[in-house]
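Next up, target.cif (mmCIF, C-alpha atoms):
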```
data_structure
loop_
_atom_site.label_atom_id
_atom_site.label_comp_id
_atom_site.auth_asym_id
_atom_site.auth_seq_id
_atom_site.Cartn_x
_atom_site.Cartn_y
_atom_site.Cartn_z
CA GLN A 134 -13.26 7.33 -4.17
CA ASP A 135 -15.45 5.80 -1.47
CA TYR A 136 -13.00 2.99 -0.76
CA TYR A 137 -9.93 5.19 -0.39
CA GLY A 138 -11.76 8.05 1.28
CA LYS A 139 -14.36 6.47 3.56
CA GLU A 140 -13.28 2.89 4.24
CA LEU A 141 -9.50 3.23 4.03
CA GLN A 142 -8.22 5.69 6.61
CA LYS A 143 -4.94 4.06 7.64
CA LEU A 144 -2.67 1.24 6.50
CA GLU A 145 -4.17 -1.13 9.08
CA ASP A 146 -7.50 -0.93 7.22
CA LEU A 147 -6.02 -2.69 4.19
CA LYS A 148 -7.22 -6.27 3.70
CA THR A 149 -4.09 -7.31 1.77
CA ASN A 150 -0.46 -6.23 1.67
CA ALA A 151 -0.69 -5.34 -2.04
CA CYS A 152 -0.26 -1.62 -1.41
CA VAL A 153 2.51 -1.93 1.15
CA ALA A 154 4.70 -4.69 -0.26
CA SER A 155 8.35 -3.76 0.19
CA ALA A 156 10.87 -3.49 -2.61
CA ARG A 157 14.61 -4.15 -2.42
CA PRO A 158 16.68 -1.86 -0.12
CA LEU A 159 17.05 1.71 -1.38
CA PRO A 160 20.45 3.30 -2.05
CA LYS A 161 21.39 6.16 0.29
CA ALA A 162 21.06 8.72 -2.51
CA VAL A 163 17.42 7.71 -3.01
CA ARG A 164 16.67 7.76 0.73
CA ASP A 165 18.20 11.21 1.04
CA ALA A 166 16.22 12.49 -1.96
CA LEU A 167 12.98 11.15 -0.47
CA ASP A 168 13.66 13.10 2.72
CA CYS A 169 13.65 16.32 0.69
CA VAL A 170 10.11 15.85 -0.68
CA HIS A 171 7.44 18.07 0.94
CA GLU A 172 5.48 16.28 3.67
CA GLU A 173 2.12 17.11 2.08
CA VAL A 174 3.14 15.36 -1.14
CA VAL A 175 3.95 12.12 0.71
CA ALA A 176 1.10 12.31 3.25
CA ARG A 177 -1.14 9.81 1.45
CA TYR A 178 0.73 7.13 -0.49
CA TYR A 179 -0.38 3.65 -1.57
CA GLY A 180 1.95 1.80 -3.92
CA CYS A 181 3.99 -1.31 -4.57
CA GLY A 182 7.26 0.18 -3.40
CA LEU A 183 9.49 2.87 -4.79
CA VAL A 184 10.03 2.72 -8.56
CA ILE A 185 13.50 4.15 -9.01
CA PRO A 186 15.82 2.66 -11.67
CA GLU A 187 19.54 3.36 -11.92
CA CYS A 188 21.71 5.60 -14.10
CA LEU A 189 19.44 8.65 -14.23
CA THR A 190 21.68 11.72 -14.57
CA SER A 191 20.40 14.14 -17.25
CA ARG A 192 17.67 11.70 -18.38
CA ARG A 193 14.11 12.50 -19.41
CA ILE A 194 11.60 10.48 -17.37
CA LEU A 195 7.82 10.06 -17.64
CA ASP A 196 5.86 8.91 -14.57
CA LEU A 197 2.52 7.26 -15.42
CA GLY A 198 0.01 7.82 -12.61
CA SER A 199 2.12 10.39 -10.79
CA GLY A 200 -0.57 11.35 -8.26
CA SER A 201 0.61 14.10 -5.93
CA GLY A 202 4.11 13.94 -7.39
CA ARG A 203 6.17 12.13 -4.77
CA ASP A 204 8.21 10.00 -7.16
CA CYS A 205 8.56 12.89 -9.61
CA TYR A 206 10.11 15.17 -7.02
CA LEU A 207 12.43 12.40 -5.91
CA LEU A 208 13.47 11.76 -9.52
CA SER A 209 13.85 15.50 -10.10
CA GLN A 210 16.84 15.40 -7.75
CA LEU A 211 18.35 12.27 -9.29
CA VAL A 212 18.22 13.44 -12.92
CA GLY A 213 19.67 16.81 -11.96
CA GLU A 214 18.89 20.24 -13.34
CA ARG A 215 19.76 19.18 -16.89
CA GLY A 216 17.30 16.27 -16.76
CA HIS A 217 13.52 16.45 -16.89
CA VAL A 218 10.60 14.65 -15.23
CA THR A 219 6.98 14.64 -16.45
CA GLY A 220 4.16 13.32 -14.31
CA ILE A 221 0.79 12.45 -15.82
CA ASP A 222 -2.29 11.51 -13.82
CA MET A 223 -6.02 11.22 -14.44
CA THR A 224 -7.05 11.35 -10.77
CA GLU A 225 -9.65 13.94 -9.82
CA GLY A 226 -11.44 12.08 -7.02
CA GLN A 227 -8.85 12.54 -4.29
CA VAL A 228 -8.59 16.19 -3.31
CA TRP A 229 -6.52 18.11 -0.86
CA CYS A 230 -8.37 18.74 2.40
CA GLY A 231 -6.46 21.91 3.21
CA ASP A 232 -5.05 20.68 6.51
CA GLY A 233 -1.60 20.11 5.03
CA ALA A 234 -1.66 16.39 5.63
CA SER A 235 -4.69 14.55 4.28
CA PHE A 236 -6.86 13.84 1.25
CA CYS A 237 -10.62 13.40 1.07
CA PRO A 238 -13.01 12.18 -1.65
CA SER A 239 -14.85 15.05 -3.31
CA SER A 240 -18.14 13.27 -2.67
CA ILE A 241 -18.00 14.01 1.08
CA LEU A 242 -16.92 17.66 0.90
CA PRO A 243 -19.36 20.59 1.06
CA LEU A 244 -19.74 22.38 -2.26
CA SER A 245 -18.11 25.51 -0.86
CA PHE A 246 -14.97 23.65 0.27
CA PRO A 247 -11.85 24.56 -1.74
CA SER A 248 -10.36 21.48 -3.38
CA SER A 249 -7.42 20.54 -5.56
CA SER A 250 -6.92 17.51 -7.79
CA GLN A 251 -3.85 15.34 -7.32
CA VAL A 252 -2.21 17.09 -10.27
CA GLN A 253 -2.93 20.49 -8.75
CA VAL A 254 -1.38 19.40 -5.46
CA ALA A 255 1.74 18.32 -7.34
CA LYS A 256 1.94 21.59 -9.30
CA LYS A 257 1.44 23.62 -6.16
CA HIS A 258 4.76 22.44 -4.74
CA ILE A 259 6.97 23.02 -7.80
CA PRO A 260 8.39 26.36 -6.48
CA TYR A 261 9.09 24.84 -3.05
CA HIS A 262 11.06 21.93 -4.48
CA MET A 263 12.97 23.87 -7.12
CA ASP A 264 14.12 26.29 -4.42
CA LYS A 265 15.07 23.44 -2.09
CA PHE A 266 17.01 21.67 -4.83
CA GLY A 267 18.76 24.90 -5.88
CA TYR A 268 17.50 24.77 -9.48
CA ARG A 269 17.26 27.98 -11.49
CA LYS A 270 14.31 26.72 -13.51
CA PRO A 271 11.87 23.83 -13.02
CA ASN A 272 12.88 20.42 -14.35
CA VAL A 273 9.52 18.86 -13.54
CA GLU A 274 6.01 19.27 -14.96
CA PHE A 275 2.62 17.72 -14.22
CA LEU A 276 -0.11 16.95 -16.74
CA GLN A 277 -3.69 15.75 -16.40
CA GLY A 278 -4.45 12.93 -18.82
CA TYR A 279 -4.79 9.23 -19.51
CA MET A 280 -1.83 6.86 -19.75
CA GLU A 281 -3.66 5.04 -22.57
CA LYS A 282 -3.75 8.31 -24.58
CA LEU A 283 -0.46 10.11 -23.99
CA GLY A 284 -0.73 11.80 -27.37
CA ASP A 285 -3.78 13.71 -26.16
CA ALA A 286 -1.55 15.25 -23.49
CA GLY A 287 0.94 16.36 -26.14
CA LEU A 288 3.63 13.74 -25.50
CA ALA A 289 5.60 13.16 -28.68
CA ASP A 290 7.14 10.01 -30.16
CA GLU A 291 10.58 9.03 -28.85
CA SER A 292 10.73 11.87 -26.31
CA TYR A 293 11.69 10.01 -23.08
CA ASP A 294 14.61 7.88 -21.92
CA ILE A 295 12.62 6.14 -19.17
CA VAL A 296 8.95 5.55 -18.37
CA ILE A 297 8.07 4.54 -14.81
CA SER A 298 4.82 3.45 -13.19
CA ASN A 299 4.00 2.54 -9.61
CA CYS A 300 1.04 0.19 -9.17
CA VAL A 301 -1.43 1.95 -11.46
CA ILE A 302 -1.46 -0.07 -14.69
CA ASN A 303 -3.65 -2.66 -12.95
CA LEU A 304 -6.34 0.05 -12.79
CA ALA A 305 -6.24 0.67 -16.55
CA PRO A 306 -9.00 -1.06 -18.56
CA ASP A 307 -6.77 -1.32 -21.65
CA LYS A 308 -3.32 -2.43 -20.51
CA ARG A 309 -2.20 -3.11 -24.07
CA ALA A 310 -2.81 0.55 -24.92
CA VAL A 311 -0.73 1.64 -21.91
CA LEU A 312 2.26 -0.43 -23.02
CA ARG A 313 1.81 0.63 -26.65
CA GLU A 314 1.88 4.31 -25.65
CA ALA A 315 4.88 3.81 -23.37
CA TYR A 316 6.74 2.16 -26.25
CA ARG A 317 5.80 5.02 -28.58
CA VAL A 318 7.14 7.81 -26.34
CA LEU A 319 10.37 5.98 -25.46
CA LYS A 320 13.54 6.73 -27.39
CA PRO A 321 15.35 3.79 -29.03
CA GLY A 322 17.14 1.99 -26.19
CA GLY A 323 14.69 3.44 -23.69
CA GLU A 324 13.26 1.58 -20.72
CA MET A 325 9.91 1.11 -19.02
CA TYR A 326 10.59 0.36 -15.34
CA PHE A 327 7.46 -0.37 -13.34
CA SER A 328 5.90 -2.11 -10.36
CA ASP A 329 2.43 -3.63 -10.39
CA ILE A 330 0.24 -6.50 -9.23
CA TYR A 331 0.17 -9.77 -11.19
CA ALA A 332 -1.96 -12.89 -10.92
CA SER A 333 -1.04 -16.56 -11.33
CA GLN A 334 -4.04 -17.04 -13.66
CA ARG A 335 -6.63 -15.03 -15.54
CA LEU A 336 -9.17 -13.60 -13.09
CA SER A 337 -12.80 -14.70 -12.82
CA GLU A 338 -15.61 -12.22 -13.44
CA ALA A 339 -16.46 -12.32 -9.70
CA VAL A 340 -12.96 -11.10 -8.85
CA ARG A 341 -12.81 -8.54 -11.66
CA LYS A 342 -16.07 -6.91 -10.53
CA HIS A 343 -15.48 -7.01 -6.77
CA ARG A 344 -15.45 -3.49 -5.31
CA VAL A 345 -13.03 -4.13 -2.43
CA LEU A 346 -10.65 -6.12 -4.60
CA TRP A 347 -10.52 -3.16 -6.99
CA GLY A 348 -9.66 -0.90 -4.07
CA GLU A 349 -6.95 -3.35 -3.03
CA CYS A 350 -5.46 -3.29 -6.58
CA LEU A 351 -6.17 -7.00 -7.16
CA ALA A 352 -9.26 -7.04 -9.41
CA GLY A 353 -7.35 -5.44 -12.28
CA ALA A 354 -4.23 -7.58 -11.95
CA LEU A 355 -2.84 -8.93 -15.18
CA TYR A 356 -2.04 -12.62 -15.61
CA TRP A 357 1.75 -12.54 -15.64
CA LYS A 358 2.06 -14.55 -18.87
CA ASP A 359 -0.18 -12.01 -20.59
CA LEU A 360 2.32 -9.28 -19.65
CA TYR A 361 4.99 -11.17 -21.58
CA SER A 362 2.82 -11.61 -24.68
CA ILE A 363 1.51 -8.02 -24.68
CA ALA A 364 4.97 -6.54 -24.14
CA GLU A 365 6.44 -8.41 -27.09
CA GLU A 366 3.37 -7.68 -29.23
CA VAL A 367 3.84 -3.90 -28.90
CA GLY A 368 7.59 -4.15 -29.61
CA PHE A 369 9.41 -4.52 -26.29
CA ARG A 370 11.99 -7.22 -25.67
CA PRO A 371 10.96 -9.97 -23.20
CA PRO A 372 10.34 -8.54 -19.70
CA CYS A 373 13.17 -8.66 -17.16
CA LEU A 374 11.85 -9.52 -13.69
CA VAL A 375 13.56 -7.40 -11.02
CA THR A 376 11.76 -8.33 -7.79
CA ALA A 377 8.60 -10.21 -6.80
CA SER A 378 6.89 -10.35 -3.40
CA PRO A 379 3.87 -12.56 -2.62
CA ILE A 380 0.69 -10.79 -1.57
CA THR A 381 -1.15 -12.09 1.46
CA ILE A 382 -4.93 -11.89 1.87
CA GLY A 383 -5.92 -11.15 5.44
CA ASP A 384 -9.66 -11.58 4.95
CA LYS A 385 -11.48 -14.94 4.85
CA GLU A 386 -14.33 -13.65 2.68
CA LEU A 387 -11.91 -12.31 0.06
CA GLU A 388 -9.92 -15.56 0.16
CA GLY A 389 -13.11 -17.43 -0.74
CA ILE A 390 -13.77 -15.16 -3.71
CA ILE A 391 -10.20 -15.34 -4.99
CA GLY A 392 -9.97 -19.14 -4.70
CA ASP A 393 -6.69 -20.72 -5.78
CA CYS A 394 -5.39 -17.62 -7.57
CA HIS A 395 -2.16 -16.15 -6.19
CA PHE A 396 -0.96 -12.56 -6.49
CA VAL A 397 2.46 -10.96 -6.41
CA SER A 398 3.76 -7.41 -6.35
CA ALA A 399 6.46 -7.39 -9.01
CA THR A 400 8.84 -4.96 -10.66
CA PHE A 401 9.77 -5.45 -14.32
CA ARG A 402 12.05 -3.78 -16.84
CA LEU A 403 11.01 -3.51 -20.49
CA PHE A 404 13.46 -2.23 -23.11
CA LYS A 405 12.87 -0.77 -26.54
CA VAL A 406 15.67 -2.47 -28.46
CA LEU A 407 15.68 -1.92 -32.21
CA SER A 408 16.41 -4.88 -34.49
CA SER A 409 19.64 -3.25 -35.70
CA SER A 410 21.02 -3.47 -32.13
CA ARG A 411 20.55 -7.22 -31.79
CA ALA A 412 23.43 -9.63 -32.14
CA GLY A 413 24.64 -12.73 -30.33
CA PRO A 414 25.56 -13.41 -26.71
CA GLY A 415 28.46 -11.61 -25.11
CA GLN A 416 30.72 -11.07 -22.14
CA VAL A 417 30.40 -7.88 -20.13
CA ILE A 418 32.38 -6.14 -17.40
CA TYR A 419 30.68 -3.53 -15.19
CA ASN A 420 32.87 -0.48 -14.60
CA GLY A 421 31.28 0.48 -11.27
CA GLY A 422 30.36 3.97 -12.38
CA ILE A 423 26.68 4.16 -11.35
CA VAL A 424 26.08 6.24 -8.20
CA GLY A 425 24.73 4.10 -5.39
CA HIS A 426 25.72 0.91 -7.20
CA GLU A 427 29.49 1.29 -7.43
CA ARG A 428 30.41 -2.20 -6.26
CA GLU A 429 27.43 -4.15 -7.57
CA LEU A 430 24.52 -3.58 -9.93
CA VAL A 431 21.57 -5.91 -9.38
CA PHE A 432 20.05 -5.54 -12.82
CA ASP A 433 17.28 -8.11 -12.49
CA ALA A 434 16.54 -11.51 -10.94
CA ASN A 435 18.92 -13.23 -13.38
CA PHE A 436 21.83 -10.82 -13.68
CA THR A 437 23.95 -9.19 -10.99
CA PHE A 438 27.03 -7.36 -12.23
CA LYS A 439 29.95 -6.85 -9.85
CA GLU A 440 32.59 -4.22 -10.57
CA GLY A 441 35.39 -5.61 -12.71
CA GLU A 442 33.93 -9.11 -12.98
CA VAL A 443 33.41 -10.85 -16.34
CA VAL A 444 29.82 -12.04 -16.81
CA ASP A 445 28.44 -14.14 -19.68
CA VAL A 446 25.15 -12.73 -20.97
CA ASP A 447 22.66 -14.05 -23.50
CA ALA A 448 21.80 -12.27 -26.74
CA GLU A 449 18.84 -10.42 -25.18
CA MET A 450 20.85 -8.92 -22.32
CA ALA A 451 23.77 -8.12 -24.61
CA ALA A 452 21.43 -6.18 -26.92
CA ILE A 453 19.85 -4.34 -23.97
CA LEU A 454 23.20 -3.24 -22.56
CA ARG A 455 24.55 -2.23 -25.97
CA SER A 456 21.55 -0.10 -26.96
CA SER A 457 20.46 1.46 -23.64
CA ARG A 458 21.77 4.15 -21.31
CA PHE A 459 23.82 1.40 -19.62
CA ALA A 460 26.18 1.06 -22.62
CA GLU A 461 28.72 3.50 -21.17
CA GLU A 462 28.77 1.61 -17.87
CA PHE A 463 30.01 -1.67 -19.36
CA LEU A 464 32.80 -3.09 -21.45
CA ILE A 465 30.95 -5.39 -23.84
CA ARG A 466 32.60 -8.13 -25.93
CA ASP A 467 31.04 -10.52 -28.42
CA GLY A 468 30.84 -14.21 -27.55
CA GLY A 469 30.22 -15.95 -24.23
CA ALA A 470 28.18 -18.88 -22.98
CA ASN A 471 24.42 -19.02 -22.72
CA ALA A 472 23.13 -17.31 -19.59
CA ALA A 473 20.23 -18.11 -17.27
CA THR A 474 16.75 -18.52 -18.69
CA PRO A 475 14.45 -15.59 -17.75
CA GLN A 476 11.87 -16.47 -15.12
CA GLY A 477 8.26 -15.54 -14.43
CA CYS A 478 7.03 -13.82 -11.30
CA CYS A 479 4.27 -16.18 -10.14
#
```
In structure tokens, what does this structure look like?
Amino acid sequence: QDYYGKELQKLEDLKTNACVASARPLPKAVRDALDCVHEEVVARYYGCGLVIPECLTSRRILDLGSGSGRDCYLLSQLVGERGHVTGIDMTEGQVWCGDGASFCPSSILPLSFPSSSQVQVAKKHIPYHMDKFGYRKPNVEFLQGYMEKLGDAGLADESYDIVISNCVINLAPDKRAVLREAYRVLKPGGEMYFSDIYASQRLSEAVRKHRVLWGECLAGALYWKDLYSIAEEVGFRPPCLVTASPITIGDKELEGIIGDCHFVSATFRLFKVLSSSRAGPGQVIYNGGIVGHERELVFDANFTFKEGEVVDVDAEMAAILRSSRFAEEFLIRDGGANAATPQGCC
């Protein structure tokens, strides 16, 4: 609370680019949807980019660490009125200051000052957005709770098509529990699509306990190889790296504490592929039917699918495309050569 409220007042106060690292260019539909989100909801935003996967119409999406609801309201437009978006957040420290544009830590407000948690701010703007989007009933909801304990918030097994997260898993003490819960609530063929901070090695105790590095989202960064092992342990297929951007440290003191460790802001896809869906490699042809990606779908760092072009895919990618929401967007045939070996982010 003190770091984000007292020390961090503007982007120039950041000592790294961890919270402002750019993602790949956004499709026009996403940019237009972002323009429709209430200015108060987007007034204070620190993240690793915009976490918006493709092929969302009529899907059910869960946003872990939804904060004031920016991504949820954007996704609300992309899933349409027949889809649904749930945001869950534990944040109570950042509260609305009542000036329509800023947030303050509760520790510096007078006791008589009216305040709202992040979740309350998000809920407050449901009527505004539903009216703006022309929806007859809300397709978005916001819950207060912990991403390690989604069951406590009433989220059932196999109830979502997609789980997203934007630079908050690094703040969770038990990252294995977060991935385990995400896997539990995903439907078979479902996807976890998320951005976060990763380290090139396991962090020293000095880094893990450093107050500023926590505020900069670095002290909780997961060693990228541990992401791969944890993901597979809880049941996901091997992670698909989408993008990775190096993080720069603009502070000599912090550089000395970090040493030779390197950090990246990376986006990964994790799929819940059941064993019955797995087979051998294949050849696929993208039909060009995904809005905003009609000519080309950049699926991850290894696979780009152009409309009408035959692409050889390995057994993992073939299983993902067969079992996920992308199945209707491809013609998939058995056989094909071995494809590229998946790569790490650091």
Interatomic distance, CA of Val273 (chain A) to CA of Ala255 (chain A) (Å, one decimal): 10.0 Å
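Put simply, CA of Arg370 (chain A) is 24.3 Å away from CA of Tyr279 (chain A).
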Residues matched by the PyMOL selection byres ((chain A and resi 467) around 8) as a PyMOL selection string: chain A and resi 413-416+465-466+468-469
Residues within 12 Å of Ala451 (chain A), only C-alpha atoms, excluding chain neighbours under 3 positions, as an MDAnalysis selection string: chainID A and resid 370 404 406 410:418 436 444:448 454:457 459:460 463:472
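With distances taken over all atoms listed in the file, A:Gly220 is the one residue among A:Ile330, A:Gly220, A:Val443, A:Arg341 lying closest to Gly278 (chain A).
Our summary of the geometry notes that CA of Val367 (chain A) is positioned 9.5 Å from CA of Ala315 (chain A).
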All residues 8 Å or closer to Glu324 (chain A), all atoms listed in the file, same chain fewer than 5 positions away omitted, as number ranges by chain: A: 294-296, 319, 402-405, 457
Export, as a tab-separated table (two decimals), keeping the file's coordinate frame, the selected residues with C-alpha atoms.
```
chain	number	residue	atom	x	y	z
A	294	ASP	CA	14.61	7.88	-21.92
A	295	ILE	CA	12.62	6.14	-19.17
A	296	VAL	CA	8.95	5.55	-18.37
A	319	LEU	CA	10.37	5.98	-25.46
A	402	ARG	CA	12.05	-3.78	-16.84
A	403	LEU	CA	11.01	-3.51	-20.49
A	404	PHE	CA	13.46	-2.23	-23.11
A	405	LYS	CA	12.87	-0.77	-26.54
A	457	SER	CA	20.46	1.46	-23.64
```
Selection result for the PyMOL selection byres ((chain A and resi 196) around 10) on this file, as a ChimeraX atom specification: /A:184,194-195,197-200,202,204-205,208,218-222,275,280,295-299,325-327
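Shortest atom-to-atom contact with Ala310 (chain A) among A:Arg164, A:Lys439, A:Lys256, A:Lys282: A:Lys282, counting all atoms listed in the file.
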Selection dump of the PyMOL selection byres ((chain A and resi 433) around 12), as a PyMOL selection string: chain A and resi 157+186-187+326+372-377+399-403+429-432+434-438+450+473+475-478
Distance criterion (all atoms listed in the file): nearest to Pro260 (chain A) out of A:Glu314, A:Gly383, A:His171, A:Thr190: A:His171
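With all atoms listed in the file as the atoms that count, the residue of A:Arg458, A:Leu304, A:Pro271, A:Gly421 with the shortest distance to Glu442 (chain A) is A:Gly421.
The smallest atom-to-atom distance between Tyr261 (chain A) and any of A:Leu183, A:Ala364, A:Ala289, A:Cys169, using all atoms listed in the file, is found for A:Cys169.
Minimum distance to Gly267 (chain A) across A:Ser362, A:Gln210, A:Ser292, A:Ser398 (counting all atoms listed in the file) occurs at A:Gln210.
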Near-His262 (chain A) list (8 Å; only C-alpha atoms; drop same-chain fewer than 4 positions) as a VMD selection string: chain A and resid 170 to 171 206 258 266
Completion of region 160-178 of chain A up to N, CA, C and O atoms, as a PDB file, in the frame of the given file:
```pdb
ATOM      1  N   PRO A 160      19.140   2.665  -2.212  1.00  0.00           N
ATOM      2  CA  PRO A 160      20.450   3.300  -2.050  1.00  0.00           C
ATOM      3  C   PRO A 160      20.312   4.571  -1.206  1.00  0.00           C
ATOM      4  O   PRO A 160      19.254   5.204  -1.159  1.00  0.00           O
ATOM      5  N   LYS A 161      21.402   4.973  -0.579  1.00  0.00           N
ATOM      6  CA  LYS A 161      21.390   6.160   0.290  1.00  0.00           C
ATOM      7  C   LYS A 161      20.970   7.404  -0.481  1.00  0.00           C
ATOM      8  O   LYS A 161      20.228   8.253   0.044  1.00  0.00           O
ATOM      9  N   ALA A 162      21.418   7.535  -1.723  1.00  0.00           N
ATOM     10  CA  ALA A 162      21.060   8.720  -2.510  1.00  0.00           C
ATOM     11  C   ALA A 162      19.555   8.835  -2.691  1.00  0.00           C
ATOM     12  O   ALA A 162      18.996   9.949  -2.668  1.00  0.00           O
ATOM     13  N   VAL A 163      18.883   7.698  -2.852  1.00  0.00           N
ATOM     14  CA  VAL A 163      17.420   7.710  -3.010  1.00  0.00           C
ATOM     15  C   VAL A 163      16.748   8.036  -1.687  1.00  0.00           C
ATOM     16  O   VAL A 163      15.800   8.824  -1.632  1.00  0.00           O
ATOM     17  N   ARG A 164      17.241   7.461  -0.596  1.00  0.00           N
ATOM     18  CA  ARG A 164      16.670   7.760   0.730  1.00  0.00           C
ATOM     19  C   ARG A 164      16.820   9.245   1.054  1.00  0.00           C
ATOM     20  O   ARG A 164      15.891   9.879   1.572  1.00  0.00           O
ATOM     21  N   ASP A 165      17.970   9.796   0.756  1.00  0.00           N
ATOM     22  CA  ASP A 165      18.200  11.210   1.040  1.00  0.00           C
ATOM     23  C   ASP A 165      17.287  12.100   0.189  1.00  0.00           C
ATOM     24  O   ASP A 165      16.767  13.118   0.666  1.00  0.00           O
ATOM     25  N   ALA A 166      17.094  11.716  -1.078  1.00  0.00           N
ATOM     26  CA  ALA A 166      16.220  12.490  -1.960  1.00  0.00           C
ATOM     27  C   ALA A 166      14.779  12.443  -1.473  1.00  0.00           C
ATOM     28  O   ALA A 166      14.055  13.446  -1.523  1.00  0.00           O
ATOM     29  N   LEU A 167      14.342  11.291  -0.986  1.00  0.00           N
ATOM     30  CA  LEU A 167      12.980  11.150  -0.470  1.00  0.00           C
ATOM     31  C   LEU A 167      12.752  12.059   0.729  1.00  0.00           C
ATOM     32  O   LEU A 167      11.670  12.631   0.901  1.00  0.00           O
ATOM     33  N   ASP A 168      13.779  12.238   1.547  1.00  0.00           N
ATOM     34  CA  ASP A 168      13.660  13.100   2.720  1.00  0.00           C
ATOM     35  C   ASP A 168      13.453  14.560   2.357  1.00  0.00           C
ATOM     36  O   ASP A 168      12.988  15.353   3.186  1.00  0.00           O
ATOM     37  N   CYS A 169      13.774  14.922   1.118  1.00  0.00           N
ATOM     38  CA  CYS A 169      13.650  16.320   0.690  1.00  0.00           C
ATOM     39  C   CYS A 169      12.295  16.628   0.053  1.00  0.00           C
ATOM     40  O   CYS A 169      12.049  17.775  -0.335  1.00  0.00           O
ATOM     41  N   VAL A 170      11.430  15.632  -0.074  1.00  0.00           N
ATOM     42  CA  VAL A 170      10.110  15.850  -0.680  1.00  0.00           C
ATOM     43  C   VAL A 170       9.156  16.396   0.380  1.00  0.00           C
ATOM     44  O   VAL A 170       9.123  15.911   1.516  1.00  0.00           O
ATOM     45  N   HIS A 171       8.362  17.394   0.007  1.00  0.00           N
ATOM     46  CA  HIS A 171       7.440  18.070   0.940  1.00  0.00           C
ATOM     47  C   HIS A 171       6.514  17.063   1.604  1.00  0.00           C
ATOM     48  O   HIS A 171       5.993  16.145   0.959  1.00  0.00           O
ATOM     49  N   GLU A 172       6.280  17.234   2.900  1.00  0.00           N
ATOM     50  CA  GLU A 172       5.480  16.280   3.670  1.00  0.00           C
ATOM     51  C   GLU A 172       4.049  16.150   3.163  1.00  0.00           C
ATOM     52  O   GLU A 172       3.453  15.080   3.241  1.00  0.00           O
ATOM     53  N   GLU A 173       3.487  17.204   2.601  1.00  0.00           N
ATOM     54  CA  GLU A 173       2.120  17.110   2.080  1.00  0.00           C
ATOM     55  C   GLU A 173       2.052  16.177   0.868  1.00  0.00           C
ATOM     56  O   GLU A 173       1.071  15.455   0.680  1.00  0.00           O
ATOM     57  N   VAL A 174       3.104  16.189   0.064  1.00  0.00           N
ATOM     58  CA  VAL A 174       3.140  15.360  -1.140  1.00  0.00           C
ATOM     59  C   VAL A 174       3.165  13.875  -0.782  1.00  0.00           C
ATOM     60  O   VAL A 174       2.583  13.039  -1.476  1.00  0.00           O
ATOM     61  N   VAL A 175       3.831  13.529   0.332  1.00  0.00           N
ATOM     62  CA  VAL A 175       3.950  12.120   0.710  1.00  0.00           C
ATOM     63  C   VAL A 175       2.922  11.693   1.762  1.00  0.00           C
ATOM     64  O   VAL A 175       2.934  10.547   2.214  1.00  0.00           O
ATOM     65  N   ALA A 176       2.014  12.594   2.138  1.00  0.00           N
ATOM     66  CA  ALA A 176       1.100  12.310   3.250  1.00  0.00           C
ATOM     67  C   ALA A 176       0.213  11.096   3.001  1.00  0.00           C
ATOM     68  O   ALA A 176      -0.028  10.299   3.896  1.00  0.00           O
ATOM     69  N   ARG A 177      -0.294  10.955   1.767  1.00  0.00           N
ATOM     70  CA  ARG A 177      -1.140   9.810   1.450  1.00  0.00           C
ATOM     71  C   ARG A 177      -0.509   9.057   0.283  1.00  0.00           C
ATOM     72  O   ARG A 177      -0.487   9.550  -0.833  1.00  0.00           O
ATOM     73  N   TYR A 178       0.032   7.887   0.552  1.00  0.00           N
ATOM     74  CA  TYR A 178       0.730   7.130  -0.490  1.00  0.00           C
ATOM     75  C   TYR A 178       0.386   5.656  -0.379  1.00  0.00           C
ATOM     76  O   TYR A 178       0.550   5.045   0.673  1.00  0.00           O
TER      77      TYR A 178
END
```
